[in-house]
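Structure, as structure tokens:
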Amino acid sequence: MLFPVYWMVAVSLTPPGAMRKSPPDLFPRDPTFDGYARVLDEQLPYFATSLLVGLGAAALTLAVAAPAAYSLAKLRPRGRGALTFALLVAQMIPGAVMALGLYGIYVRLGITNTLWGLVVADSTIAVPFAVLVLTAFLAAVPDEVVQAARVDGAGAFRTFRSVVLPASRNGVITAGLFAFLWAWSDFVFAATLDSGGPLQPLTLGIYRYIGNNNQEWNAIMATAVVASVPATALLVLAQRFVAAGVTSGAVKD
């Protein structure tokens, strides 16, 4: 399972002249950091764009999913069963199909090749998952706590913001982290909706090194290694919250 990760690092250190050696070396004999130098020199704007898109998608996802989850978990509106089923079905739609539909809408609105348009598109993947995860967390908050807040004069929004949401911190972090990672690694929406814009994400920046007759694997793999660092760091820092998030509701008392 980890061998592709190792091979990515090994190829990023392999000189271009030894790239097509047969059989290949499992360990680079003359490692070079030229690929990483090119990444730092050429790919930083793409990194910045991906960071903005990822943070924007995470913020928008939580802004939409958290109130929706609160409504499903605590306000219990009519039709919540059908809505939950619709959210499950939405996750089964292939990203390519959604990208084509969004492209038609974006062309009519004139918002292709825009940063915030890509943020909205990436959020459409994360919102259904985030609603389902947060609904399970918010449902675990005792109703007595919500009722006590209302007795003290807190309205529905104040109860949600000051009582229910802080008690569901693990779920919020889990949903936001997955939304960021999906946006960070997205290629389909980026290639369809933002392939010609001035601000392109990192997944499109890698294509600077891929041509019809030449593939600069040293630079490609170096970019992939550097792109993996923020995601890995976030997962390491938030692993205890994610572990609590994905196991919430697995066992009943």
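Following the order of the structure tokens, chains are lettered A, B, ..., residues in each are numbered from 1, and ligands are numbered from 1.
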
What are the closest atom pairs, with distances in Å to one decimal, for all residues of stretch 29-132 of chain A lying within 12 Å of stretch 207-211 of chain A? Consider only C-alpha atoms, order rows by chain and residue number, and present the result as a tab-separated table.
residue	atom	partner	partner_atom	distance
A:Gly35	CA	A:Tyr209	CA	10.6
A:Arg38	CA	A:Tyr209	CA	10.4
A:Val39	CA	A:Tyr209	CA	10.6
A:Glu42	CA	A:Arg208	CA	9.4
A:Gln43	CA	A:Arg208	CA	9.4
A:Tyr46	CA	A:Arg208	CA	10.9

Proximity of stretch 196-229 of chain A to stretch 101-122 of chain A: per-residue shortest pair, 7 Å limit, only C-alpha atoms, as a tab-separated table:
residue	atom	partner	partner_atom	distance
A:Gly196	CA	A:Asn113	CA	6.0
A:Gly197	CA	A:Asn113	CA	4.3
A:Leu199	CA	A:Leu115	CA	6.8

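Among the candidates A:Pro28, A:Gly155, A:Pro23, A:Gly54, the one nearest to A:Tyr6 when counting only C-alpha atoms is A:Pro28.
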
- Could you give me, as a PyMOL selection string, the residues within 8 Å of A:Val146, counting only C-alpha atoms and dropping anything in the same chain fewer than 6 positions from it? chain A and resi 159+163-164

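Each of A:Ala224, A:Val89, A:Leu193, A:Leu26 was checked against A:Ile206 using only C-alpha atoms; the smallest atom-to-atom distance is that of A:Ala224.
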
- Which parts of stretch 15-200 of chain A does DSSP call alpha helix (DSSP H) when run on the backbone here, written out as a PyMOL selection string? chain A and resi 34-42+44-70+80-90+95-109+115-140+143-151+156-159+165-167+169-185+188-193

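The smallest atom-to-atom distance between A:Gly81 and any of A:Met1, A:Leu202, A:Val225, A:Leu132, using only C-alpha atoms, is found for A:Leu132.
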
- Item | Shell around A:Ala139 at 12 Å using only C-alpha atoms, local window under 5 positions removed, as a PyMOL selection string | chain A and resi 69-76+131-134+144-146+164-165+167-168+171+248-249
